[in-house]
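To be precise, the following lines are target.cif, and they hold mmCIF, C-alpha atoms.
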data_work
#
loop_
_atom_site.label_atom_id
_atom_site.label_comp_id
_atom_site.auth_asym_id
_atom_site.auth_seq_id
_atom_site.Cartn_x
_atom_site.Cartn_y
_atom_site.Cartn_z
CA MET J 1 94.18 133.66 93.43
CA PRO J 2 95.12 130.68 91.28
CA GLU J 3 93.18 127.48 91.68
CA VAL J 4 94.83 125.16 94.23
CA ASN J 5 94.53 121.38 94.18
CA VAL J 6 96.06 119.35 96.99
CA HIS J 7 96.31 115.61 97.42
CA ARG J 8 97.84 113.93 100.47
CA VAL J 9 98.86 110.34 100.98
CA THR J 10 100.37 108.55 103.98
CA VAL J 11 102.23 105.31 103.37
CA THR J 12 104.88 103.23 105.10
CA ALA J 13 108.59 103.44 104.22
CA SER J 14 108.44 100.23 102.20
CA ILE J 15 108.43 99.17 98.58
CA GLY J 16 104.63 98.86 98.81
CA GLY J 17 104.49 102.44 100.07
CA VAL J 18 106.68 103.62 97.22
CA ARG J 19 104.47 101.85 94.69
CA GLN J 20 101.27 103.28 96.18
CA THR J 21 102.63 106.83 96.21
CA LEU J 22 103.84 106.62 92.62
CA ASN J 23 100.44 105.31 91.54
CA GLU J 24 98.67 108.11 93.41
CA PHE J 25 100.94 110.74 91.90
CA ASP J 26 100.48 109.30 88.44
CA GLN J 27 96.70 109.52 88.86
CA PHE J 28 96.94 113.04 90.28
CA GLY J 29 99.12 114.12 87.36
CA ARG J 30 96.75 112.69 84.80
CA ALA J 31 93.68 114.10 86.56
CA GLN J 32 95.28 117.55 86.61
CA ALA J 33 96.35 117.12 82.98
CA LEU J 34 100.00 117.75 83.80
CA PRO J 35 102.30 117.62 80.77
CA ASP J 36 103.87 114.16 80.42
CA ASP J 37 107.34 115.63 80.79
CA LEU J 38 106.58 117.25 84.15
CA ARG J 39 104.63 114.21 85.44
CA ARG J 40 107.52 111.90 84.54
CA ARG J 41 110.22 114.14 86.06
CA PHE J 42 108.36 114.16 89.35
CA LEU J 43 107.80 110.39 89.19
CA VAL J 44 111.55 109.83 88.74
CA ALA J 45 112.30 112.19 91.64
CA LEU J 46 109.64 110.65 93.90
CA ASP J 47 110.95 107.17 93.24
CA GLU J 48 114.47 108.27 94.17
CA VAL J 49 113.41 110.07 97.34
CA LEU J 50 110.95 107.45 98.59
CA SER J 51 113.18 104.47 97.89
CA ASN J 52 115.92 106.35 99.77
CA VAL J 53 113.63 106.75 102.78
CA ALA J 54 112.71 103.06 102.57
CA ARG J 55 116.42 102.15 102.50
CA HIS J 56 117.69 104.52 105.16
CA GLY J 57 114.79 104.37 107.59
CA GLU J 58 115.17 102.11 110.60
CA SER J 59 111.86 100.41 110.01
CA SER J 60 109.54 99.78 107.11
CA GLU J 61 106.72 100.77 109.48
CA ILE J 62 107.81 104.42 109.57
CA PRO J 63 105.00 106.54 108.17
CA VAL J 64 105.82 108.78 105.24
CA GLN J 65 103.52 111.64 104.33
CA VAL J 66 103.53 112.92 100.79
CA SER J 67 101.56 115.85 99.49
CA PHE J 68 101.06 117.02 95.92
CA LYS J 69 99.96 120.60 95.45
CA LEU J 70 99.19 122.28 92.16
CA ALA J 71 98.72 126.05 92.56
CA GLY J 72 98.30 127.74 89.22
CA ASP J 73 101.19 126.43 87.15
CA ARG J 74 103.37 125.56 90.17
CA LEU J 75 103.59 121.97 91.35
CA THR J 76 104.99 121.28 94.83
CA VAL J 77 105.59 117.80 96.19
CA THR J 78 106.54 117.44 99.85
CA VAL J 79 107.86 114.25 101.44
CA GLU J 80 107.96 114.08 105.26
CA ASP J 81 109.06 111.24 107.51
CA GLU J 82 110.21 110.58 111.06
CA ALA J 83 113.20 108.48 110.10
CA PRO J 84 116.61 109.55 111.50
CA PRO J 85 117.77 112.88 110.07
CA PHE J 86 119.02 112.34 106.53
CA ASN J 87 119.64 115.00 103.94
CA PRO J 88 119.69 113.28 100.55
CA LEU J 89 121.02 116.45 98.94
CA GLU J 90 124.33 115.94 100.76
CA VAL J 91 124.97 112.67 98.95
CA ALA J 92 128.10 113.01 96.82
CA PRO J 93 127.39 113.62 93.15
CA ALA J 94 127.59 110.62 90.91
CA ASP J 95 130.37 110.04 88.45
CA THR J 96 128.63 110.46 85.11
CA SER J 97 131.55 110.66 82.75
CA SER J 98 133.89 107.73 83.33
CA ALA J 99 134.17 104.63 81.18
CA LEU J 100 131.97 101.59 81.74
CA ASP J 101 134.54 99.83 83.95
CA GLN J 102 134.64 102.63 86.48
CA ARG J 103 130.91 103.30 86.65
CA LYS J 104 129.22 102.77 89.99
CA PRO J 105 125.46 102.88 90.24
CA GLY J 106 125.38 104.97 93.45
CA GLY J 107 124.61 108.66 93.59
CA VAL J 108 122.90 108.89 90.23
CA GLY J 109 119.43 108.98 91.74
CA ILE J 110 119.87 112.08 93.86
CA GLU J 111 121.72 113.76 91.02
CA LEU J 112 118.61 113.25 88.92
CA VAL J 113 116.42 114.81 91.61
CA ARG J 114 118.70 117.85 91.75
CA THR J 115 118.83 118.37 88.01
CA LEU J 116 115.35 117.33 86.86
CA LEU J 117 113.46 119.78 89.04
CA GLU J 118 113.61 123.53 89.37
CA SER J 119 114.03 123.52 93.15
CA VAL J 120 114.63 120.92 95.85
CA ARG J 121 114.92 121.90 99.50
CA TYR J 122 115.64 119.82 102.61
CA GLU J 123 114.94 120.72 106.20
CA HIS J 124 114.84 118.81 109.47
CA THR J 125 112.21 120.29 111.68
CA GLY J 126 110.14 119.07 114.60
CA GLY J 127 111.86 115.68 114.48
CA ARG J 128 110.93 115.20 110.84
CA ASN J 129 112.77 115.12 107.55
CA ARG J 130 111.03 117.29 105.00
CA LEU J 131 111.96 117.44 101.33
CA THR J 132 110.15 119.99 99.19
CA MET J 133 110.35 119.70 95.42
CA THR J 134 108.88 122.29 93.09
CA ASP J 135 108.64 122.97 89.41
CA ARG J 136 106.37 124.78 87.01
CA ILE J 137 104.28 123.55 84.12
CA SER J 138 105.93 126.08 81.84
CA SER J 139 109.47 125.47 83.08
CA HIS J 140 112.14 123.54 81.23
CA ALA J 141 114.52 122.28 83.87
CA ASN J 142 116.80 120.78 81.25
CA GLU J 143 117.38 124.02 79.39
CA SER J 144 120.99 125.03 79.37
CA MET D 1 105.42 95.25 84.74
CA THR D 2 105.01 93.19 81.60
CA ILE D 3 108.03 92.31 79.48
CA ASN D 4 107.57 91.09 75.94
CA GLU D 5 110.34 89.25 74.17
CA ALA D 6 110.86 88.59 70.47
CA HIS D 7 113.66 86.76 68.66
CA GLU D 8 114.80 87.98 65.28
CA ALA D 9 117.87 86.89 63.36
CA GLY D 10 119.84 85.89 66.43
CA VAL D 11 118.88 89.00 68.38
CA VAL D 12 116.55 89.15 71.37
CA VAL D 13 114.28 92.19 71.48
CA VAL D 14 113.09 92.90 75.02
CA SER D 15 110.11 95.27 75.37
CA PRO D 16 109.32 96.30 78.95
CA GLN D 17 105.96 98.01 79.39
CA GLY D 18 105.22 100.79 81.88
CA ARG D 19 107.65 102.28 84.35
CA ILE D 20 111.17 101.14 85.19
CA ASP D 21 111.75 102.22 88.78
CA SER D 22 112.50 100.81 92.22
CA THR D 23 109.17 98.94 92.23
CA THR D 24 109.75 97.13 88.92
CA SER D 25 113.48 97.09 88.19
CA ALA D 26 114.04 93.68 89.82
CA ILE D 27 111.63 92.10 87.32
CA LEU D 28 113.54 93.54 84.38
CA GLU D 29 116.86 92.57 85.95
CA ARG D 30 115.72 88.98 86.40
CA HIS D 31 114.52 88.83 82.82
CA LEU D 32 117.80 90.16 81.42
CA GLN D 33 119.87 87.89 83.67
CA GLY D 34 117.85 84.95 82.35
CA LEU D 35 118.80 85.89 78.80
CA ALA D 36 122.48 86.09 79.74
CA ALA D 37 122.28 82.69 81.46
CA ALA D 38 120.73 81.27 78.28
CA GLY D 39 123.67 82.55 76.27
CA GLU D 40 121.74 85.31 74.52
CA THR D 41 124.41 87.96 74.01
CA ARG D 42 122.78 90.11 71.31
CA VAL D 43 120.12 92.14 73.06
CA VAL D 44 117.95 95.04 71.94
CA VAL D 45 115.85 96.87 74.52
CA ASP D 46 112.72 98.47 73.08
CA PHE D 47 111.75 101.51 75.21
CA SER D 48 108.67 102.46 73.20
CA GLY D 49 106.36 101.15 75.93
CA VAL D 50 108.32 102.72 78.80
CA ASP D 51 106.82 105.79 80.50
CA TYR D 52 109.90 106.70 82.55
CA ILE D 53 113.08 105.25 84.02
CA SER D 54 114.60 106.13 87.39
CA SER D 55 118.07 105.34 88.76
CA ALA D 56 116.94 101.86 89.87
CA GLY D 57 116.32 101.18 86.19
CA LEU D 58 119.64 102.71 85.20
CA ARG D 59 121.33 100.27 87.56
CA VAL D 60 119.76 97.40 85.59
CA MET D 61 120.92 98.96 82.31
CA LEU D 62 124.45 99.36 83.68
CA ALA D 63 124.53 95.67 84.60
CA LEU D 64 123.29 94.82 81.09
CA ALA D 65 126.07 96.89 79.51
CA LYS D 66 128.73 95.25 81.70
CA ARG D 67 127.44 91.75 80.93
CA GLY D 68 127.38 92.62 77.24
CA ARG D 69 131.00 93.63 77.41
CA ASP D 70 132.05 90.60 79.48
CA GLN D 71 130.26 88.19 77.12
CA LYS D 72 131.49 90.02 74.04
CA GLY D 73 127.88 90.59 73.11
CA ARG D 74 126.02 93.50 71.54
CA VAL D 75 123.46 95.72 73.22
CA ALA D 76 121.35 98.37 71.49
CA LEU D 77 118.43 100.50 72.68
CA PHE D 78 115.66 102.30 70.80
CA GLY D 79 112.23 103.87 71.18
CA MET D 80 112.95 106.23 74.09
CA ASN D 81 110.55 109.07 74.83
CA ASP D 82 112.07 112.47 75.69
CA SER D 83 111.88 111.82 79.44
CA VAL D 84 113.76 108.53 79.26
CA ARG D 85 116.30 110.08 76.92
CA GLN D 86 116.81 113.00 79.32
CA VAL D 87 117.51 110.65 82.24
CA PHE D 88 120.05 108.74 80.14
CA GLU D 89 121.72 112.02 79.20
CA LEU D 90 121.84 113.44 82.74
CA ALA D 91 123.32 110.20 84.05
CA GLY D 92 125.95 110.15 81.31
CA PHE D 93 124.55 106.86 80.00
CA VAL D 94 124.30 107.85 76.33
CA ALA D 95 128.07 107.28 76.10
CA LEU D 96 127.69 103.71 77.37
CA PHE D 97 125.06 102.49 74.90
CA THR D 98 124.20 102.35 71.25
CA ILE D 99 120.93 104.27 71.12
CA ALA D 100 119.34 103.73 67.74
CA ALA D 101 116.65 105.81 66.06
CA THR D 102 114.56 102.85 64.92
CA ARG D 103 113.97 99.20 65.66
CA THR D 104 115.63 98.29 62.36
CA ASP D 105 118.74 100.29 63.19
CA ALA D 106 118.90 98.75 66.65
CA LEU D 107 118.64 95.23 65.19
CA HIS D 108 121.38 95.99 62.67
CA SER D 109 123.60 97.32 65.44
CA ALA D 110 123.04 94.26 67.61
CA MET D 111 123.76 91.93 64.66
CA ALA D 112 126.99 93.63 63.68
#
Turn this file's structure into C-alpha cells for me.
Amino acid sequence: MPEVNVHRVTVTASIGGVRQTLNEFDQFGRAQALPDDLRRRFLVALDEVLSNVARHGESSEIPVQVSFKLAGDRLTVTVEDEAPPFNPLEVAPADTSSALDQRKPGGVGIELVRTLLESVRYEHTGGRNRLTMTDRISSHANES
Amino acid sequence: MTINEAHEAGVVVVSPQGRIDSTTSAILERHLQGLAAAGETRVVVDFSGVDYISSAGLRVMLALAKRGRDQKGRVALFGMNDSVRQVFELAGFVALFTIAATRTDALHSAMA
C-alpha cells in the first residue's frame, strides 16, 4: 500500500475562505514536496473552483469542505459544498483565439481547470456539490 | 501581495510578488489602473516573482492590454515561470502580448 497523506479544511464560501484554502494547500504541497508544477496547477484550479463557489453560492456563510489526499504519486483534491446544484464543467468553453477586441474574460477559468489537470469530475449527491480533481506527480497534463 | 515599481527610460516596470489569483488580483488591477490614470502608457510587467496566475489574474492582464491599445501605449511581459507561461498559452493570451525573454528585451519592446 502506498503511503497516504490527507489534509482537510472547512472554510466559508468567501474570499477569506478561498485565501485560507489556498494557503493551506500551498503548505500541504510544500510539506509533501510536491513538484512546483503540480502544486501550481492545483492552486490555479482551486482558485477557479472556490471563487466560483463563492460567487454562485447564495451566502458567504455556506461551508465548503476541501480535502487534499496524496496516495503514492496520486494527488486528489475534493471540494464539497451545500450551495445550489452547480456543475462548473458545464460552463461554455472560453474563446481563446479571437483578437483582443472580441476577448471576454469569462469561461477561461473553468477551461484551465479542465486542461491543467488529468481528471476533473462533478457529482451532486446527498444535497451537496462535489468536485473531484486528480493528477499524478509523474503526469504531464500539458503534453500533446 | 507586494508590487514593486521601477521607472526606466520612460517605461514603468511593475513587479508583483507572490500569487496572482482571486485573492490578490484586485490589488494588481488597482495598481495598473493608477498607472494608466497617471498617463503611464509604456508598461512592463515583471513576472519573475510570481508563483502562479489564475483566470482572475488573466482578467487583469486583459484589461491592461485593452488599455494599452486604447492609449496607444506599449505593454511587454517577461520573467514567467513555466506554470505562468502554460496558463497564458492555454488561455490563448500569448497572442495578445509581447512576451520577452529578458528584462532588457521587454524594456526595448516597451520603448519602441
Here's the selection I'm unsure about, the PyMOL selection byres ((chain D) within 6 of (chain J)); applied to the file above, which residues does it give, as a PDB file with C-alpha atoms, in the coordinates of the input?
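And here is the file that came out, result-v9.pdb:
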ATOM      1  CA  SER D  54     114.600 106.130  87.390  1.00  0.00           C
ATOM      2  CA  SER D  55     118.070 105.340  88.760  1.00  0.00           C
ATOM      3  CA  ARG D  59     121.330 100.270  87.560  1.00  0.00           C
ATOM      4  CA  ALA D  91     123.320 110.200  84.050  1.00  0.00           C
ATOM      5  CA  GLY D  92     125.950 110.150  81.310  1.00  0.00           C
TER       6      GLY D  92
END
Subject >> CA of Met1 in chain D to CA of Ala26 in chain D, straight-line distance in Å >> reply: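 Interatomic distance, CA of Ala26 in chain D to CA of Met1 in chain D: 10.1 Å.
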Box dimensions and centre (Å, one decimal) enclosing range 11-17 of chain D, axis-aligned, 4 Å extra per side, as lines of an AutoDock Vina configuration file:
center_x = 112.4
center_y = 93.5
center_z = 73.9
size_x = 20.9
size_y = 17.0
size_z = 19.0
**OP:** Find the residue from D:Glu40, D:Asp51, D:Glu29, D:Asp46 that sits nearest to Ser15 in chain D; use only C-alpha atoms when measuring.
**Re:** D:Asp46
Original post:
For this file, the PyMOL selection byres ((chain D and resi 96) around 12) selects which residues, as a PyMOL selection string?
Top reply: (chain J and resi 96-103) or (chain D and resi 58+61-66+68-69+74-77+88-89+91-95+97-99)
Would you put the residues from that selection into a file with C-alpha atoms, as a compact mmCIF listing (two decimals), in the coordinates of the input?
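Okay, this is what ended up in selection_29.txt:
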# COMPACT_ATOMS: atom_id res chain seq x y z
CA THR J 96 128.63 110.46 85.11
CA SER J 97 131.55 110.66 82.75
CA SER J 98 133.89 107.73 83.33
CA ALA J 99 134.17 104.63 81.18
CA LEU J 100 131.97 101.59 81.74
CA ASP J 101 134.54 99.83 83.95
CA GLN J 102 134.64 102.63 86.48
CA ARG J 103 130.91 103.30 86.65
CA LEU D 58 119.64 102.71 85.20
CA MET D 61 120.92 98.96 82.31
CA LEU D 62 124.45 99.36 83.68
CA ALA D 63 124.53 95.67 84.60
CA LEU D 64 123.29 94.82 81.09
CA ALA D 65 126.07 96.89 79.51
CA LYS D 66 128.73 95.25 81.70
CA GLY D 68 127.38 92.62 77.24
CA ARG D 69 131.00 93.63 77.41
CA ARG D 74 126.02 93.50 71.54
CA VAL D 75 123.46 95.72 73.22
CA ALA D 76 121.35 98.37 71.49
CA LEU D 77 118.43 100.50 72.68
CA PHE D 88 120.05 108.74 80.14
CA GLU D 89 121.72 112.02 79.20
CA ALA D 91 123.32 110.20 84.05
CA GLY D 92 125.95 110.15 81.31
CA PHE D 93 124.55 106.86 80.00
CA VAL D 94 124.30 107.85 76.33
CA ALA D 95 128.07 107.28 76.10
CA PHE D 97 125.06 102.49 74.90
CA THR D 98 124.20 102.35 71.25
CA ILE D 99 120.93 104.27 71.12
For Thr78 in chain J, list every protein, DNA or RNA residue within 6 Å, evaluated using only C-alpha atoms, and leave out those in the same chain fewer than 4 positions away; present the list as a PDB file with C-alpha atoms, keeping the file's coordinate frame.
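Saved to result-v8.pdb:
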ATOM      1  CA  VAL J  66     103.530 112.920 100.790  1.00  0.00           C
ATOM      2  CA  SER J  67     101.560 115.850  99.490  1.00  0.00           C
ATOM      3  CA  LEU J 131     111.960 117.440 101.330  1.00  0.00           C
ATOM      4  CA  THR J 132     110.150 119.990  99.190  1.00  0.00           C
TER       5      THR J 132
END
Original post:
To one decimal place, how far is CA of Pro93 in chain J from CA of Arg128 in chain J in Å?
Top reply: 24.2 Å
Subject >> Protein/DNA/RNA residues near (106.1, 109.6, 105.8), cut 8 Å, all atoms listed in the file, as a PyMOL selection string >> reply: chain J and resi 10-13+62-66+79-82
**OP:** Provide the CA of Ala54 in chain J to CA of Leu89 in chain J distance in Å, to one decimal place.
**Re:** 16.2 Å
Subject >> Answer key for the PyMOL selection byres ((chain D and resi 111) around 10), residues as a list of chain:residue names >> reply: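 Evaluating the PyMOL selection byres ((chain D and resi 111) around 10) on this file yields D:Glu8, D:Ala9, D:Gly10, D:Val11, D:Arg42, D:Val43, D:Val44, D:Gly73, D:Arg74, D:Val75, D:Ala76, D:Asp105, D:Ala106, D:Leu107, D:His108, D:Ser109, D:Ala110, D:Ala112.
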**OP:** For each of D:Val12, D:Leu90, D:Ala100, D:Val50, take the minimum atom-to-atom distance to Gly34 in chain D, counting all atoms listed in the file, then give the residue where this is smallest.
**Re:** D:Val12
Original post:
Which of these, J:Ser138, J:Gln27, J:Asn129, J:Ser119, has the shortest distance to Pro84 in chain J once you count all atoms listed in the file?
Top reply: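 Among J:Ser138, J:Gln27, J:Asn129, J:Ser119, it is J:Asn129 that comes nearest to Pro84 in chain J.
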Original post:
With all atoms listed in the file as the atoms that count, which of D:Gln17, D:Thr41, D:Thr102, D:Ser25 lies nearest to Phe78 in chain D?
Top reply: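 Looking at the shortest contact to Phe78 in chain D, the residue is D:Thr102.
Restricting the calculation to all atoms listed in the file, the smallest distance between Val87 in chain D and any of J:Glu90, J:Arg114, J:Arg8, J:Val49 is found for J:Arg114.
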**OP:** Determine the nearest neighbour of Tyr52 in chain D from the options J:Gly29, J:Phe42, J:Met1, J:Arg121, counting only C-alpha atoms.
**Re:**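 Smallest separation from Tyr52 in chain D among the options: J:Phe42.
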**OP:** For Ile20 in chain D, please output as a list in words all residues within 6 Å (counting all atoms listed in the file; exclusion window: fewer than 4 positions along the same chain).
**Re:**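 Surrounding residues, per the criterion: Thr24, Ser25, Ile53 and Gly57 of chain D.
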